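Single-structure report; data block below.
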Amino acid sequence: MKLVVGITGASGVSLGLKFISLLPKEIEVYAIISSSAKVALGFEQNISMPNNSNITFYEDSSIGACIASGSFQTDAMIILPCSMNTLAKCTVGISDTLITRVFSVMLKERRKVILAPREMPYNTIQLENMTKLSSIGVVIAPPMLGYYSQQQTLDEMENFIIGKWFDSLDIEHNLYKRWEG
Ligand SMILES: Cc1cc2nc3c(=O)[nH]c(=O)nc-3n(C[C@H](O)[C@H](O)[C@H](O)COP(=O)(O)O)c2cc1C
């Protein structure tokens with residue numbers, strides 16, 4: 001599987017990096033971190049950059065990168081966290097950065113895209129943007145806590161959310177205990 005991960009300047013950049021580090025090593029990961037995400041990361045807990053050999057990092061300004069073309073075959077994209085700025089650009093088709101360009105390519109190629117919008121509360125424009133993207137097949141999956149698998153720590157809470165994103169991408173995992181009724 002070839003997976004593009006866009007990390008934008010919303011709270012939870014460290015969660016995006018943790019997501020990448022937990023991905024199975026057989027997945028080829030193309031990771032893009034926006035300049036605002038790098039600023040936001042400075043305000044978050046100290047997390048080191050994943051450096052597994054299956055991960056390639058790109059600058060958000062690298063508009064000529066291979067992943068910017070539909071001829072380069074990838075399977076899916078997740079933007080995590082997705083800022084309201086990037087959400088708005090994706091909704092109207094602006095593709096002035098590598099992240100928004102790849103998003104636009106994924107749409108035209110009818111590939112799987114997941115957005116994890118991070119804001120609280122959402123305003124009406126943001127909700128309308130999410131509704132529009134959802135109506136054309138984009139999966140809207142914000143970082144939402146669940147309590148049924150009885151997580152005790154922040155690490156376990158994060159694993160629950162990351163496990164839900166893995167589920168959306170059909171990636172096998174053991175990150176949270178599933179509901180069994
Ligand atoms: C510490 C910090 C936290 C931020 N958190 C959020 C957030 O949770 N959601 C959001 O939409 N924007 C947030 N922002 C604002 C975005 O970073 C800003 O709108 C930026 O233009 C997004 O650029 P990008 O979409 O290219 O990454 C935050 C900014 C900083 C510095």
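So you can find residues: chains in the structure tokens are A, B, ... in the order shown, residues in each start at 1, and ligands are numbered from 1 in order.
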
**Request:** Using backbone DSSP assignments, extract all helix (DSSP H, G or I) residues from chain A; output them as a count of residues only.
**Result:** 67

Go through chain A residue by residue and, counting only C-alpha atoms and all ligand atoms, keep those with an atom at most 10 Å from ligand 1; for each kept residue give the shortest atom pair and its distance in Å to one decimal, ordered by chain and increasing number, as a tab-separated table.
residue	atom	partner	partner_atom_place_in_ligand_line	distance
A:Gly6	CA	ligand 1	27 (O)	9.1
A:Ile7	CA	ligand 1	27 (O)	7.2
A:Thr8	CA	ligand 1	27 (O)	3.6
A:Gly9	CA	ligand 1	27 (O)	3.6
A:Ala10	CA	ligand 1	6 (C)	3.4
A:Ser11	CA	ligand 1	8 (O)	3.9
A:Gly12	CA	ligand 1	8 (O)	7.2
A:Val13	CA	ligand 1	3 (C)	9.0
A:Ile33	CA	ligand 1	27 (O)	7.8
A:Ser34	CA	ligand 1	27 (O)	4.9
A:Ser35	CA	ligand 1	27 (O)	6.3
A:Ser36	CA	ligand 1	27 (O)	4.5
A:Ala37	CA	ligand 1	27 (O)	5.3
A:Lys38	CA	ligand 1	27 (O)	8.5
A:Val39	CA	ligand 1	31 (C)	5.6
A:Ala40	CA	ligand 1	1 (C)	3.9
A:Leu41	CA	ligand 1	1 (C)	7.0
A:Gly42	CA	ligand 1	1 (C)	7.4
A:Phe43	CA	ligand 1	1 (C)	5.5
A:Glu44	CA	ligand 1	1 (C)	7.7
A:Asp60	CA	ligand 1	26 (O)	8.3
A:Pro81	CA	ligand 1	8 (O)	8.0
A:Cys82	CA	ligand 1	11 (O)	6.9
A:Ser83	CA	ligand 1	11 (O)	3.5
A:Met84	CA	ligand 1	11 (O)	3.7
A:Asn85	CA	ligand 1	25 (O)	4.5
A:Thr86	CA	ligand 1	25 (O)	4.0
A:Leu87	CA	ligand 1	25 (O)	7.5
A:Ala88	CA	ligand 1	25 (O)	8.8
A:Lys89	CA	ligand 1	25 (O)	8.3
A:Cys90	CA	ligand 1	25 (O)	9.9
A:Asp96	CA	ligand 1	26 (O)	9.7
A:Thr97	CA	ligand 1	26 (O)	7.8
A:Leu98	CA	ligand 1	26 (O)	9.8
A:Ile99	CA	ligand 1	26 (O)	8.3
A:Thr100	CA	ligand 1	26 (O)	8.7
A:Pro117	CA	ligand 1	11 (O)	7.4
A:Arg118	CA	ligand 1	8 (O)	4.9
A:Glu119	CA	ligand 1	9 (N)	4.5
A:Met120	CA	ligand 1	8 (O)	7.4
A:Pro121	CA	ligand 1	9 (N)	9.9
A:Tyr122	CA	ligand 1	11 (O)	9.3
A:Gln126	CA	ligand 1	11 (O)	9.4

Just-selected residues, N, CA and C atoms written as a tab-separated table (two decimals), in the first residue's frame:
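See selection.tsv below for the written result:
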chain	number	residue	atom	x	y	z
A	6	GLY	N	-0.72	13.83	5.03
A	6	GLY	CA	-0.52	15.28	5.13
A	6	GLY	C	-0.74	15.70	6.58
A	7	ILE	N	0.20	16.46	7.11
A	7	ILE	CA	0.08	16.95	8.49
A	7	ILE	C	0.03	18.47	8.42
A	8	THR	N	-1.09	19.06	8.85
A	8	THR	CA	-1.25	20.51	8.73
A	8	THR	C	-1.27	21.17	10.11
A	9	GLY	N	-1.34	22.51	10.10
A	9	GLY	CA	-1.10	23.28	11.31
A	9	GLY	C	-2.26	23.38	12.27
A	10	ALA	N	-2.76	22.24	12.71
A	10	ALA	CA	-3.79	22.22	13.74
A	10	ALA	C	-3.23	21.52	14.97
A	11	SER	N	-3.91	21.69	16.07
A	11	SER	CA	-3.49	21.02	17.29
A	11	SER	C	-3.51	19.51	17.06
A	12	GLY	N	-2.48	18.82	17.47
A	12	GLY	CA	-2.42	17.37	17.25
A	12	GLY	C	-1.42	16.96	16.18
A	13	VAL	N	-0.47	17.83	15.89
A	13	VAL	CA	0.59	17.46	14.94
A	13	VAL	C	1.34	16.23	15.47
A	33	ILE	N	4.62	17.72	5.76
A	33	ILE	CA	4.32	18.51	6.96
A	33	ILE	C	4.30	19.97	6.56
A	34	SER	N	3.15	20.64	6.75
A	34	SER	CA	3.06	22.05	6.33
A	34	SER	C	3.91	22.93	7.23
A	35	SER	N	4.21	24.13	6.77
A	35	SER	CA	5.05	25.01	7.60
A	35	SER	C	4.32	25.40	8.88
A	36	SER	N	2.99	25.56	8.82
A	36	SER	CA	2.25	25.87	10.05
A	36	SER	C	2.25	24.70	11.02
A	37	ALA	N	2.26	23.49	10.47
A	37	ALA	CA	2.33	22.31	11.34
A	37	ALA	C	3.64	22.30	12.12
A	38	LYS	N	4.71	22.74	11.46
A	38	LYS	CA	6.00	22.77	12.16
A	38	LYS	C	5.95	23.79	13.30
A	39	VAL	N	5.24	24.92	13.07
A	39	VAL	CA	5.09	25.91	14.14
A	39	VAL	C	4.27	25.32	15.29
A	40	ALA	N	3.14	24.70	14.94
A	40	ALA	CA	2.26	24.14	15.97
A	40	ALA	C	2.98	23.06	16.78
A	41	LEU	N	3.81	22.27	16.11
A	41	LEU	CA	4.53	21.18	16.79
A	41	LEU	C	5.40	21.72	17.92
A	42	GLY	N	5.89	22.95	17.73
A	42	GLY	CA	6.73	23.56	18.77
A	42	GLY	C	6.01	23.79	20.08
A	43	PHE	N	4.65	23.78	20.04
A	43	PHE	CA	3.86	24.00	21.25
A	43	PHE	C	3.37	22.68	21.85
A	44	GLU	N	3.74	21.57	21.22
A	44	GLU	CA	3.23	20.28	21.68
A	44	GLU	C	4.31	19.49	22.39
A	60	ASP	N	6.11	20.92	2.04
A	60	ASP	CA	4.80	21.28	1.49
A	60	ASP	C	4.93	22.19	0.27
A	81	PRO	N	-3.42	16.13	11.61
A	81	PRO	CA	-4.71	16.80	11.69
A	81	PRO	C	-4.91	17.68	10.45
A	82	CYS	N	-6.18	17.96	10.16
A	82	CYS	CA	-6.50	18.83	9.04
A	82	CYS	C	-6.96	20.19	9.58
A	83	SER	N	-6.19	21.23	9.31
A	83	SER	CA	-6.56	22.57	9.77
A	83	SER	C	-7.80	23.05	9.00
A	84	MET	N	-8.47	24.05	9.56
A	84	MET	CA	-9.64	24.62	8.89
A	84	MET	C	-9.24	25.35	7.61
A	85	ASN	N	-8.00	25.86	7.61
A	85	ASN	CA	-7.45	26.49	6.40
A	85	ASN	C	-7.33	25.47	5.27
A	86	THR	N	-6.71	24.34	5.57
A	86	THR	CA	-6.54	23.30	4.53
A	86	THR	C	-7.89	22.72	4.14
A	87	LEU	N	-8.78	22.53	5.12
A	87	LEU	CA	-10.14	22.03	4.80
A	87	LEU	C	-10.82	22.95	3.79
A	88	ALA	N	-10.73	24.26	4.03
A	88	ALA	CA	-11.40	25.22	3.14
A	88	ALA	C	-10.79	25.18	1.74
A	89	LYS	N	-9.45	25.10	1.69
A	89	LYS	CA	-8.80	25.06	0.37
A	89	LYS	C	-9.20	23.78	-0.38
A	90	CYS	N	-9.23	22.67	0.34
A	90	CYS	CA	-9.63	21.40	-0.30
A	90	CYS	C	-11.05	21.49	-0.84
A	96	ASP	N	-2.44	25.01	-3.94
A	96	ASP	CA	-1.22	25.83	-4.00
A	96	ASP	C	-0.09	25.29	-3.12
A	97	THR	N	-0.31	24.15	-2.49
A	97	THR	CA	0.72	23.49	-1.68
A	97	THR	C	0.73	22.02	-2.08
A	98	LEU	N	1.78	21.29	-1.67
A	98	LEU	CA	1.82	19.87	-2.04
A	98	LEU	C	0.64	19.11	-1.41
A	99	ILE	N	0.30	19.44	-0.16
A	99	ILE	CA	-0.80	18.73	0.50
A	99	ILE	C	-2.11	18.95	-0.26
A	100	THR	N	-2.42	20.21	-0.58
A	100	THR	CA	-3.70	20.47	-1.24
A	100	THR	C	-3.68	19.98	-2.70
A	117	PRO	N	-10.38	16.68	10.54
A	117	PRO	CA	-10.44	18.10	10.85
A	117	PRO	C	-10.34	18.34	12.36
A	118	ARG	N	-9.54	19.34	12.75
A	118	ARG	CA	-9.32	19.60	14.18
A	118	ARG	C	-9.63	21.05	14.47
A	119	GLU	N	-10.76	21.28	15.11
A	119	GLU	CA	-11.14	22.60	15.61
A	119	GLU	C	-12.25	22.35	16.62
A	120	MET	N	-12.44	23.29	17.54
A	120	MET	CA	-13.53	23.11	18.49
A	120	MET	C	-13.93	24.44	19.09
A	121	PRO	N	-15.22	24.84	18.98
A	121	PRO	CA	-16.25	24.19	18.16
A	121	PRO	C	-16.04	24.53	16.69
A	122	TYR	N	-16.81	23.86	15.83
A	122	TYR	CA	-16.77	24.17	14.40
A	122	TYR	C	-17.74	25.30	14.10
A	126	GLN	N	-17.25	25.84	8.30
A	126	GLN	CA	-16.43	24.61	8.40
A	126	GLN	C	-17.30	23.36	8.29

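The smallest atom-to-atom distance between Gln73 of chain A and any of A:Ser14, A:Asn129, A:Arg111, A:Leu23, using only C-alpha atoms, is found for A:Arg111.
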
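The space separating atom CA of Asp75 of chain A from atom CA of Met49 of chain A comes to 23.5 Å.
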
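Atom CA of Ile140 of chain A is found 11.8 Å from atom CA of Lys164 of chain A.
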
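Every protein or nucleic acid residue with an atom no more than 7 Å from Ile55 of chain A, counting only C-alpha atoms and leaving out same-chain residues fewer than 4 positions away, appears here: Glu28, Val29, Tyr30, Ala31 and Asn51 of chain A.
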
Keeping N, CA and C atoms for every residue in the selection just given, could you write it to a file as an mmCIF file, in the first residue's frame?
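Once written, out35.cif looks like this:
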data_model
loop_
_atom_site.group_PDB
_atom_site.id
_atom_site.type_symbol
_atom_site.label_atom_id
_atom_site.label_comp_id
_atom_site.auth_asym_id
_atom_site.auth_seq_id
_atom_site.Cartn_x
_atom_site.Cartn_y
_atom_site.Cartn_z
ATOM 1 N N GLU A 28 4.247 1.897 2.228
ATOM 2 C CA GLU A 28 5.119 2.995 1.772
ATOM 3 C C GLU A 28 4.438 4.306 2.133
ATOM 4 N N VAL A 29 5.111 5.109 2.938
ATOM 5 C CA VAL A 29 4.508 6.335 3.451
ATOM 6 C C VAL A 29 5.171 7.557 2.817
ATOM 7 N N TYR A 30 4.342 8.453 2.285
ATOM 8 C CA TYR A 30 4.798 9.724 1.721
ATOM 9 C C TYR A 30 4.225 10.808 2.629
ATOM 10 N N ALA A 31 5.079 11.410 3.444
ATOM 11 C CA ALA A 31 4.596 12.336 4.473
ATOM 12 C C ALA A 31 4.951 13.774 4.123
ATOM 13 N N ASN A 51 11.690 7.977 11.719
ATOM 14 C CA ASN A 51 12.690 7.880 10.634
ATOM 15 C C ASN A 51 12.795 6.464 10.083
#

**Asked** If we count only C-alpha atoms, what is near Gly146 of chain A at a cut-off of 8 Å, once residues fewer than 4 positions away on the same chain are taken out, given as a VMD selection string?
**Response** chain A and resid 157 160 to 161

Just asking: which residues within segment 28-175 of chain A are strand (DSSP E) according to DSSP, as a CSV table (one decimal) with C-alpha atoms, in the first residue's frame?
chain,number,residue,atom,x,y,z
A,28,GLU,CA,5.1,3.0,1.8
A,29,VAL,CA,4.5,6.3,3.5
A,30,TYR,CA,4.8,9.7,1.7
A,31,ALA,CA,4.6,12.3,4.5
A,32,ILE,CA,4.2,16.1,4.0
A,33,ILE,CA,4.3,18.5,7.0
A,55,ILE,CA,8.8,6.9,5.2
A,56,THR,CA,9.7,9.7,2.8
A,57,PHE,CA,9.2,13.3,3.9
A,58,TYR,CA,8.4,16.1,1.5
A,59,GLU,CA,8.3,19.9,2.0
A,76,ALA,CA,-5.0,6.6,-0.3
A,77,MET,CA,-4.4,9.9,1.5
A,78,ILE,CA,-5.1,11.0,5.1
A,79,ILE,CA,-4.7,14.6,6.3
A,80,LEU,CA,-4.2,14.4,10.0
A,81,PRO,CA,-4.7,16.8,11.7
A,82,CYS,CA,-6.5,18.8,9.0
A,112,LYS,CA,-9.6,7.1,-1.0
A,113,VAL,CA,-9.2,10.3,1.1
A,114,ILE,CA,-9.7,10.7,4.8
A,115,LEU,CA,-9.7,14.1,6.6
A,116,ALA,CA,-9.2,14.5,10.4
A,117,PRO,CA,-10.4,18.1,10.9
A,139,VAL,CA,-14.3,10.3,4.8
A,140,ILE,CA,-14.5,13.0,7.6

**Item:** Exercise: Tyr148 of chain A partners within 12 Å, only C-alpha atoms, chain neighbours under 5 positions left out, as number ranges by chain
**Value:** A: 157, 160, 176-181

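Distance-wise, atom CA of Glu128 of chain A and atom CA of Ile171 of chain A end up 29.2 Å apart.
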
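Taking only C-alpha atoms into account, Glu109 of chain A lies nearest to A:Ala68 out of the set A:Ala68, A:Val92, A:Leu15, A:Leu175.
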